[in-house]
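With mmCIF, C-alpha atoms; chains and numbers go by the auth columns inside, this is protein_4.cif:
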data_final
loop_
_atom_site.group_PDB
_atom_site.id
_atom_site.type_symbol
_atom_site.label_atom_id
_atom_site.label_comp_id
_atom_site.label_asym_id
_atom_site.label_seq_id
_atom_site.Cartn_x
_atom_site.Cartn_y
_atom_site.Cartn_z
_atom_site.B_iso_or_equiv
_atom_site.auth_seq_id
_atom_site.auth_asym_id
ATOM 1 C CA MET A 1 16.270 47.667 -52.324 0.00 1175 A
ATOM 2 C CA LYS A 2 12.590 48.476 -51.821 0.00 1176 A
ATOM 3 C CA ASN A 3 11.568 44.902 -52.714 0.00 1177 A
ATOM 4 C CA LEU A 4 14.135 43.508 -50.305 0.00 1178 A
ATOM 5 C CA LEU A 5 12.617 45.579 -47.454 0.00 1179 A
ATOM 6 C CA CYS A 6 9.084 44.498 -48.300 0.00 1180 A
ATOM 7 C CA LYS A 7 9.796 40.745 -48.193 0.00 1181 A
ATOM 8 C CA PRO A 8 10.462 40.559 -44.400 0.00 1182 A
ATOM 9 C CA LEU A 9 7.366 42.662 -43.780 0.00 1183 A
ATOM 10 C CA ILE A 10 5.194 40.374 -45.917 0.00 1184 A
ATOM 11 C CA LEU A 11 6.550 37.272 -44.186 0.00 1185 A
ATOM 12 C CA SER A 12 5.823 38.796 -40.766 0.00 1186 A
ATOM 13 C CA LEU A 13 2.239 39.590 -41.792 0.00 1187 A
ATOM 14 C CA ILE A 14 1.716 36.005 -43.039 0.00 1188 A
ATOM 15 C CA VAL A 15 3.043 34.506 -39.787 0.00 1189 A
ATOM 16 C CA ALA A 16 0.852 36.847 -37.713 0.00 1190 A
ATOM 17 C CA LEU A 17 -2.208 35.877 -39.787 0.00 1191 A
ATOM 18 C CA LEU A 18 -1.548 32.162 -39.346 0.00 1192 A
ATOM 19 C CA LEU A 19 -1.125 32.572 -35.576 0.00 1193 A
ATOM 20 C CA SER A 20 -4.360 34.531 -35.303 0.00 1194 A
ATOM 21 C CA LEU A 21 -6.231 31.801 -37.195 0.00 1195 A
ATOM 22 C CA SER A 22 -4.849 29.065 -34.942 0.00 1196 A
ATOM 23 C CA LEU A 23 -5.638 30.736 -31.591 0.00 1197 A
ATOM 24 C CA PRO A 24 -9.354 29.848 -31.484 0.00 1198 A
ATOM 25 C CA ALA A 25 -8.520 26.165 -32.062 0.00 1199 A
ATOM 26 C CA PHE A 26 -6.109 26.104 -29.124 0.00 1200 A
ATOM 27 C CA ALA A 27 -8.654 27.950 -26.982 0.00 1201 A
ATOM 28 C CA ASP A 28 -11.303 25.364 -27.812 0.00 1202 A
ATOM 29 C CA GLU A 29 -8.980 22.531 -26.829 0.00 1203 A
ATOM 30 C CA ASP A 30 -8.363 24.195 -23.454 0.00 1204 A
ATOM 31 C CA ARG A 31 -12.062 24.469 -22.625 0.00 1205 A
ATOM 32 C CA THR A 32 -12.068 21.623 -20.114 0.00 1206 A
ATOM 33 C CA VAL A 33 -12.555 21.214 -16.397 0.00 1207 A
ATOM 34 C CA THR A 34 -10.837 18.538 -14.284 0.00 1208 A
ATOM 35 C CA VAL A 35 -12.211 17.539 -10.884 0.00 1209 A
ATOM 36 C CA GLU A 36 -11.349 14.958 -8.245 0.00 1210 A
ATOM 37 C CA GLY A 37 -13.854 13.001 -6.211 0.00 1211 A
ATOM 38 C CA SER A 38 -13.305 10.713 -3.240 0.00 1212 A
ATOM 39 C CA ALA A 39 -15.340 8.477 -0.956 0.00 1213 A
ATOM 40 C CA SER A 40 -14.884 5.742 1.618 0.00 1214 A
ATOM 41 C CA VAL A 41 -16.993 2.877 2.900 0.00 1215 A
ATOM 42 C CA SER A 42 -16.755 1.540 6.442 0.00 1216 A
ATOM 43 C CA LEU A 43 -17.363 -2.109 7.257 0.00 1217 A
ATOM 44 C CA LYS A 44 -16.751 -4.492 10.110 0.00 1218 A
ATOM 45 C CA ALA A 45 -13.466 -6.400 10.163 0.00 1219 A
ATOM 46 C CA ASP A 46 -13.907 -10.160 9.963 0.00 1220 A
ATOM 47 C CA MET A 47 -10.340 -11.300 9.310 0.00 1221 A
ATOM 48 C CA ALA A 48 -6.808 -10.450 10.425 0.00 1222 A
ATOM 49 C CA THR A 49 -3.247 -11.038 9.270 0.00 1223 A
ATOM 50 C CA ILE A 50 -0.212 -11.078 11.518 0.00 1224 A
ATOM 51 C CA GLU A 51 3.510 -11.715 11.097 0.00 1225 A
ATOM 52 C CA ILE A 52 4.856 -14.394 13.463 0.00 1226 A
ATOM 53 C CA GLY A 53 8.470 -15.506 13.309 0.00 1227 A
ATOM 54 C CA VAL A 54 11.420 -17.266 14.873 0.00 1228 A
ATOM 55 C CA GLU A 55 14.941 -15.867 15.081 0.00 1229 A
ATOM 56 C CA THR A 56 17.820 -18.087 16.215 0.00 1230 A
ATOM 57 C CA LYS A 57 21.524 -17.350 16.715 0.00 1231 A
ATOM 58 C CA HIS A 58 24.502 -19.679 16.948 0.00 1232 A
ATOM 59 C CA ALA A 59 28.246 -19.679 16.356 0.00 1233 A
ATOM 60 C CA ASP A 60 27.678 -22.419 13.783 0.00 1234 A
ATOM 61 C CA VAL A 61 25.389 -21.581 10.865 0.00 1235 A
ATOM 62 C CA ALA A 62 24.112 -25.151 10.503 0.00 1236 A
ATOM 63 C CA ALA A 63 23.206 -25.265 14.188 0.00 1237 A
ATOM 64 C CA ALA A 64 21.370 -21.907 13.922 0.00 1238 A
ATOM 65 C CA GLN A 65 19.340 -23.154 10.975 0.00 1239 A
ATOM 66 C CA SER A 66 18.598 -26.525 12.574 0.00 1240 A
ATOM 67 C CA GLU A 67 17.336 -24.853 15.747 0.00 1241 A
ATOM 68 C CA ASN A 68 15.236 -22.422 13.729 0.00 1242 A
ATOM 69 C CA THR A 69 13.598 -25.261 11.788 0.00 1243 A
ATOM 70 C CA ARG A 70 12.812 -27.151 15.002 0.00 1244 A
ATOM 71 C CA VAL A 71 11.175 -24.139 16.678 0.00 1245 A
ATOM 72 C CA MET A 72 9.302 -23.022 13.560 0.00 1246 A
ATOM 73 C CA ASN A 73 7.843 -26.509 13.103 0.00 1247 A
ATOM 74 C CA ALA A 74 6.624 -26.348 16.714 0.00 1248 A
ATOM 75 C CA VAL A 75 5.065 -22.921 16.081 0.00 1249 A
ATOM 76 C CA ILE A 76 3.299 -24.135 12.932 0.00 1250 A
ATOM 77 C CA ALA A 77 1.942 -27.187 14.769 0.00 1251 A
ATOM 78 C CA ALA A 78 0.650 -24.974 17.597 0.00 1252 A
ATOM 79 C CA LEU A 79 -1.058 -22.602 15.164 0.00 1253 A
ATOM 80 C CA GLN A 80 -2.721 -25.459 13.304 0.00 1254 A
ATOM 81 C CA ALA A 81 -3.927 -26.862 16.633 0.00 1255 A
ATOM 82 C CA CYS A 82 -5.618 -23.462 17.133 0.00 1256 A
ATOM 83 C CA GLY A 83 -7.597 -24.001 13.938 0.00 1257 A
ATOM 84 C CA ILE A 84 -5.369 -22.070 11.526 0.00 1258 A
ATOM 85 C CA SER A 85 -5.496 -23.731 8.111 0.00 1259 A
ATOM 86 C CA GLU A 86 -2.289 -24.793 6.356 0.00 1260 A
ATOM 87 C CA ASP A 87 -3.309 -22.537 3.440 0.00 1261 A
ATOM 88 C CA ASP A 88 -3.329 -19.559 5.829 0.00 1262 A
ATOM 89 C CA LEU A 89 0.305 -20.085 6.873 0.00 1263 A
ATOM 90 C CA ILE A 90 2.689 -18.588 4.312 0.00 1264 A
ATOM 91 C CA THR A 91 6.425 -17.944 4.649 0.00 1265 A
ATOM 92 C CA SER A 92 6.805 -14.194 4.137 0.00 1266 A
ATOM 93 C CA ASN A 93 10.535 -13.838 4.798 0.00 1267 A
ATOM 94 C CA PHE A 94 13.580 -16.046 5.399 0.00 1268 A
ATOM 95 C CA ASN A 95 17.066 -14.699 6.083 0.00 1269 A
ATOM 96 C CA VAL A 96 20.431 -16.118 7.076 0.00 1270 A
ATOM 97 C CA TYR A 97 23.076 -13.527 7.857 0.00 1271 A
ATOM 98 C CA THR A 98 26.357 -13.102 9.661 0.00 1272 A
ATOM 99 C CA VAL A 99 26.757 -10.825 12.682 0.00 1273 A
ATOM 100 C CA TYR A 100 30.255 -9.361 13.020 0.00 1274 A
ATOM 101 C CA ASP A 101 31.966 -7.962 16.093 0.00 1275 A
ATOM 102 C CA TYR A 102 32.804 -4.412 15.001 0.00 1276 A
ATOM 103 C CA SER A 103 34.260 -3.523 18.397 0.00 1277 A
ATOM 104 C CA TYR A 104 37.254 -5.727 17.591 0.00 1278 A
ATOM 105 C CA SER A 105 39.604 -4.151 15.081 0.00 1279 A
ATOM 106 C CA SER A 106 43.278 -3.971 14.384 0.00 1280 A
ATOM 107 C CA VAL A 107 45.397 -3.333 11.341 0.00 1281 A
ATOM 108 C CA GLY A 108 45.558 -6.468 9.197 0.00 1282 A
ATOM 109 C CA ALA A 109 43.231 -8.447 11.474 0.00 1283 A
ATOM 110 C CA GLU A 110 40.385 -10.475 10.014 0.00 1284 A
ATOM 111 C CA GLU A 111 36.807 -9.553 10.885 0.00 1285 A
ATOM 112 C CA ARG A 112 35.584 -11.469 13.928 0.00 1286 A
ATOM 113 C CA ILE A 113 32.254 -13.280 13.564 0.00 1287 A
ATOM 114 C CA MET A 114 29.963 -13.055 16.583 0.00 1288 A
ATOM 115 C CA ASN A 115 27.283 -15.450 15.360 0.00 1289 A
ATOM 116 C CA TYR A 116 25.062 -16.526 12.524 0.00 1290 A
ATOM 117 C CA THR A 117 21.424 -15.440 12.675 0.00 1291 A
ATOM 118 C CA VAL A 118 18.526 -17.220 10.984 0.00 1292 A
ATOM 119 C CA SER A 119 15.169 -15.441 10.751 0.00 1293 A
ATOM 120 C CA ASN A 120 12.011 -17.125 9.477 0.00 1294 A
ATOM 121 C CA MET A 121 8.707 -15.204 9.264 0.00 1295 A
ATOM 122 C CA LEU A 122 5.188 -16.508 8.705 0.00 1296 A
ATOM 123 C CA SER A 123 2.265 -14.487 7.426 0.00 1297 A
ATOM 124 C CA VAL A 124 -0.684 -15.880 9.373 0.00 1298 A
ATOM 125 C CA THR A 125 -4.295 -15.277 8.337 0.00 1299 A
ATOM 126 C CA VAL A 126 -6.788 -15.527 11.197 0.00 1300 A
ATOM 127 C CA ARG A 127 -10.374 -15.945 10.016 0.00 1301 A
ATOM 128 C CA ASP A 128 -11.912 -16.128 13.487 0.00 1302 A
ATOM 129 C CA LEU A 129 -11.156 -12.879 15.325 0.00 1303 A
ATOM 130 C CA THR A 130 -12.148 -14.385 18.666 0.00 1304 A
ATOM 131 C CA VAL A 131 -8.994 -16.546 18.708 0.00 1305 A
ATOM 132 C CA ILE A 132 -6.366 -13.886 17.944 0.00 1306 A
ATOM 133 C CA GLY A 133 -5.245 -13.698 21.571 0.00 1307 A
ATOM 134 C CA GLN A 134 -5.013 -17.483 21.715 0.00 1308 A
ATOM 135 C CA VAL A 135 -3.016 -17.567 18.476 0.00 1309 A
ATOM 136 C CA LEU A 136 -0.456 -15.178 19.953 0.00 1310 A
ATOM 137 C CA ASP A 137 -0.278 -17.150 23.201 0.00 1311 A
ATOM 138 C CA VAL A 138 0.369 -20.544 21.617 0.00 1312 A
ATOM 139 C CA ALA A 139 2.856 -19.099 19.123 0.00 1313 A
ATOM 140 C CA VAL A 140 4.947 -17.551 21.906 0.00 1314 A
ATOM 141 C CA GLU A 141 4.707 -20.687 24.036 0.00 1315 A
ATOM 142 C CA ALA A 142 5.966 -22.725 21.079 0.00 1316 A
ATOM 143 C CA GLY A 143 9.023 -20.475 20.715 0.00 1317 A
ATOM 144 C CA ALA A 144 8.062 -17.586 18.412 0.00 1318 A
ATOM 145 C CA ASN A 145 10.072 -14.487 19.322 0.00 1319 A
ATOM 146 C CA GLN A 146 9.024 -12.093 16.537 0.00 1320 A
ATOM 147 C CA ILE A 147 5.458 -10.776 16.304 0.00 1321 A
ATOM 148 C CA TYR A 148 4.358 -7.678 14.402 0.00 1322 A
ATOM 149 C CA GLY A 149 2.190 -6.341 11.584 0.00 1323 A
ATOM 150 C CA LEU A 150 -1.300 -7.049 12.933 0.00 1324 A
ATOM 151 C CA ASN A 151 -3.828 -5.839 10.339 0.00 1325 A
ATOM 152 C CA PHE A 152 -7.593 -6.218 10.285 0.00 1326 A
ATOM 153 C CA THR A 153 -9.348 -6.722 6.957 0.00 1327 A
ATOM 154 C CA SER A 154 -12.731 -7.771 5.617 0.00 1328 A
ATOM 155 C CA THR A 155 -13.840 -10.403 3.148 0.00 1329 A
ATOM 156 C CA GLU A 156 -16.259 -7.766 1.782 0.00 1330 A
ATOM 157 C CA SER A 157 -13.493 -5.309 0.843 0.00 1331 A
ATOM 158 C CA ASN A 158 -13.903 -5.744 -2.936 0.00 1332 A
ATOM 159 C CA ALA A 159 -17.629 -5.043 -2.825 0.00 1333 A
ATOM 160 C CA ALA A 160 -16.971 -2.069 -0.542 0.00 1334 A
ATOM 161 C CA TYR A 161 -14.434 -0.676 -3.025 0.00 1335 A
ATOM 162 C CA GLN A 162 -16.988 -0.850 -5.862 0.00 1336 A
ATOM 163 C CA LYS A 163 -19.439 1.093 -3.704 0.00 1337 A
ATOM 164 C CA ALA A 164 -16.776 3.658 -2.758 0.00 1338 A
ATOM 165 C CA LEU A 165 -15.877 4.034 -6.436 0.00 1339 A
ATOM 166 C CA MET A 166 -19.470 4.852 -7.393 0.00 1340 A
ATOM 167 C CA ARG A 167 -19.735 7.425 -4.608 0.00 1341 A
ATOM 168 C CA ALA A 168 -16.413 8.980 -5.642 0.00 1342 A
ATOM 169 C CA VAL A 169 -17.696 9.408 -9.220 0.00 1343 A
ATOM 170 C CA GLU A 170 -20.876 11.044 -7.921 0.00 1344 A
ATOM 171 C CA ASP A 171 -18.753 13.357 -5.770 0.00 1345 A
ATOM 172 C CA ALA A 172 -16.655 14.405 -8.767 0.00 1346 A
ATOM 173 C CA GLN A 173 -19.716 14.922 -10.977 0.00 1347 A
ATOM 174 C CA GLU A 174 -21.310 17.204 -8.390 0.00 1348 A
ATOM 175 C CA LYS A 175 -18.116 19.253 -8.097 0.00 1349 A
ATOM 176 C CA ALA A 176 -17.868 19.631 -11.874 0.00 1350 A
ATOM 177 C CA GLN A 177 -21.482 20.801 -12.113 0.00 1351 A
ATOM 178 C CA VAL A 178 -21.046 23.328 -9.291 0.00 1352 A
ATOM 179 C CA LEU A 179 -17.913 24.775 -10.934 0.00 1353 A
ATOM 180 C CA CYS A 180 -19.641 25.157 -14.300 0.00 1354 A
ATOM 181 C CA THR A 181 -22.752 26.707 -12.777 0.00 1355 A
ATOM 182 C CA ALA A 182 -20.653 29.196 -10.818 0.00 1356 A
ATOM 183 C CA SER A 183 -18.636 30.022 -13.947 0.00 1357 A
ATOM 184 C CA GLN A 184 -21.809 30.375 -16.078 0.00 1358 A
ATOM 185 C CA VAL A 185 -20.729 27.701 -18.570 0.00 1359 A
ATOM 186 C CA GLU A 186 -22.340 24.425 -19.607 0.00 1360 A
ATOM 187 C CA LEU A 187 -20.847 21.056 -18.686 0.00 1361 A
ATOM 188 C CA GLY A 188 -20.110 18.939 -21.757 0.00 1362 A
ATOM 189 C CA LYS A 189 -19.209 15.308 -22.362 0.00 1363 A
ATOM 190 C CA LEU A 190 -16.790 13.304 -20.235 0.00 1364 A
ATOM 191 C CA LEU A 191 -13.373 13.193 -21.902 0.00 1365 A
ATOM 192 C CA HIS A 192 -11.229 11.235 -19.450 0.00 1366 A
ATOM 193 C CA ILE A 193 -11.600 9.272 -16.226 0.00 1367 A
ATOM 194 C CA ASP A 194 -8.947 7.907 -13.903 0.00 1368 A
ATOM 195 C CA ALA A 195 -9.527 5.890 -10.727 0.00 1369 A
ATOM 196 C CA GLN A 196 -7.359 4.615 -7.927 0.00 1370 A
ATOM 197 C CA GLU A 197 -7.811 2.762 -4.687 0.00 1371 A
ATOM 198 C CA THR A 198 -6.687 4.903 -1.758 0.00 1372 A
ATOM 199 C CA GLY A 199 -5.987 1.898 0.451 0.00 1373 A
ATOM 200 C CA TYR A 200 -7.434 0.520 3.618 0.00 1374 A
ATOM 201 C CA VAL A 201 -7.609 2.171 7.019 0.00 1375 A
ATOM 202 C CA TYR A 202 -7.704 -0.582 9.590 0.00 1376 A
ATOM 203 C CA GLY A 203 -9.537 -0.150 12.845 0.00 1377 A
ATOM 204 C CA ALA A 204 -7.020 -1.872 15.099 0.00 1378 A
ATOM 205 C CA ARG A 205 -6.859 0.072 18.348 0.00 1379 A
ATOM 206 C CA ASN A 206 -4.121 -1.956 20.033 0.00 1380 A
ATOM 207 C CA THR A 207 -0.351 -2.000 20.026 0.00 1381 A
ATOM 208 C CA PHE A 208 1.820 -4.611 21.648 0.00 1382 A
ATOM 209 C CA THR A 209 5.428 -5.652 22.089 0.00 1383 A
ATOM 210 C CA MET A 210 6.958 -9.095 22.547 0.00 1384 A
ATOM 211 C CA ASP A 211 6.780 -8.597 26.326 0.00 1385 A
ATOM 212 C CA ALA A 212 3.054 -7.917 26.116 0.00 1386 A
ATOM 213 C CA ALA A 213 2.489 -10.746 23.661 0.00 1387 A
ATOM 214 C CA SER A 214 4.365 -13.135 25.950 0.00 1388 A
ATOM 215 C CA ALA A 215 1.787 -12.557 28.678 0.00 1389 A
ATOM 216 C CA LYS A 216 -1.090 -14.997 28.357 0.00 1390 A
ATOM 217 C CA GLY A 217 -4.380 -13.542 27.210 0.00 1391 A
ATOM 218 C CA ALA A 218 -3.022 -10.645 25.124 0.00 1392 A
ATOM 219 C CA ALA A 219 -5.917 -8.178 24.677 0.00 1393 A
ATOM 220 C CA ILE A 220 -6.641 -7.630 20.983 0.00 1394 A
ATOM 221 C CA VAL A 221 -9.423 -5.251 19.957 0.00 1395 A
ATOM 222 C CA SER A 222 -10.546 -5.080 16.332 0.00 1396 A
ATOM 223 C CA GLY A 223 -12.475 -2.260 14.714 0.00 1397 A
ATOM 224 C CA ASP A 224 -13.948 -1.032 11.452 0.00 1398 A
ATOM 225 C CA VAL A 225 -12.184 -1.187 8.096 0.00 1399 A
ATOM 226 C CA GLN A 226 -12.457 1.815 5.782 0.00 1400 A
ATOM 227 C CA VAL A 227 -12.056 1.226 2.052 0.00 1401 A
ATOM 228 C CA GLY A 228 -11.451 4.358 -0.018 0.00 1402 A
ATOM 229 C CA ALA A 229 -11.524 5.309 -3.706 0.00 1403 A
ATOM 230 C CA THR A 230 -10.502 8.438 -5.619 0.00 1404 A
ATOM 231 C CA VAL A 231 -11.421 9.366 -9.194 0.00 1405 A
ATOM 232 C CA THR A 232 -10.342 12.167 -11.515 0.00 1406 A
ATOM 233 C CA LEU A 233 -12.782 13.295 -14.240 0.00 1407 A
ATOM 234 C CA THR A 234 -12.100 15.649 -17.144 0.00 1408 A
ATOM 235 C CA TYR A 235 -15.119 17.224 -18.860 0.00 1409 A
ATOM 236 C CA GLU A 236 -15.538 19.336 -21.934 0.00 1410 A
ATOM 237 C CA ILE A 237 -16.935 22.827 -21.360 0.00 1411 A
ATOM 238 C CA LYS A 238 -19.494 24.061 -23.875 0.00 1412 A
#
Step by step, read the file and then write its structure as structure tokens.
Amino acid sequence: MKNLLCKPLILSLIVALLLSLSLPAFADEDRTVTVEGSASVSLKADMATIEIGVETKHADVAAAQSENTRVMNAVIAALQACGISEDDLITSNFNVYTVYDYSYSSVGAEERIMNYTVSNMLSVTVRDLTVIGQVLDVAVEAGANQIYGLNFTSTESNAAYQKALMRAVEDAQEKAQVLCTASQVELGKLLHIDAQETGYVYGARNTFTMDAASAKGAAIVSGDVQVGATVTLTYEIK
């Protein structure tokens, strides 16, 4: 009986000893510091993209599509006459859908079709910002009835991102050093690094509707483009 009582006690002592030996190893693995750094670079916009489209409706789907094609071809011709390259005109969306009359309903009655709608959108890249107002004018005059998504960008965005990335790393390194100095520990080697682009903040200061765009000489004001980067660094602590 005495031996039977001793065995659980011995096993408990062995487990406790093993746990005590493993604790320093886990503690060493946890001796890290993780910091986040961010930065942004501002540069002048030199390019813009805008969505320009044509929406047509007709009781006959073939007629709706034929009319849409006719108007869109006129819009494309007008944009090219403004100096927009064929390579800078890309179809971004094309939809054909049925519009039903939901106000008409009765038991057993078939759904009543109001019309068929065809929507065709172009993503237009404008490389000369001085002609944006003219681009809008000629597009509307040619029959475009959907305009939205004006964004200003820069051809130097990639170089700006590299610069923002370097500054973000420097920001994170400084934070890590300050934390270690304040905690009276020594900063060790870099264990992990993760980076991401935080996107672009466009400096467009204008908003407009189709009514405003339909008026000749739509006022478009560009601005700066901010390119941002964020990095996360994990360091060993000595």
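Look at everything within 12 Å of (-18.3, -2.4, -2.8) using only C-alpha atoms, and the residues you get are A:Ala1213, A:Ser1214, A:Val1215, A:Ser1216, A:Leu1217, A:Ser1328, A:Thr1329, A:Glu1330, A:Ser1331, A:Asn1332, A:Ala1333, A:Ala1334, A:Tyr1335, A:Gln1336, A:Lys1337, A:Ala1338, A:Leu1339, A:Met1340, A:Arg1341, A:Ala1342, A:Glu1371, A:Gln1400, A:Val1401, A:Gly1402, A:Ala1403.
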Atomic separation - atom CA of A:Leu1407 relative to atom CA of A:Cys1354, Å: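 If I compute the distance from atom CA of A:Cys1354 to atom CA of A:Leu1407, I get 13.7 Å.
One distance worth recording is that between atom CA of A:Asp1204 and atom CA of A:Ala1350, which is 15.7 Å.
The environment of stretch 1257-1267 of chain A within 6 Å, counting all atoms listed in the file and disregarding residues fewer than 3 places along the same chain, consists of A:Leu1253, A:Gln1254, A:Asn1294, A:Met1295, A:Leu1296, A:Ser1297, A:Val1298, A:Thr1299.
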Excluding same-chain residues fewer than 3 positions from stretch 1231-1236 of chain A, what lies within 12 Å of it counting only C-alpha atoms, as a PyMOL selection string? chain A and resi 1228+1239-1243+1269-1274+1286-1294
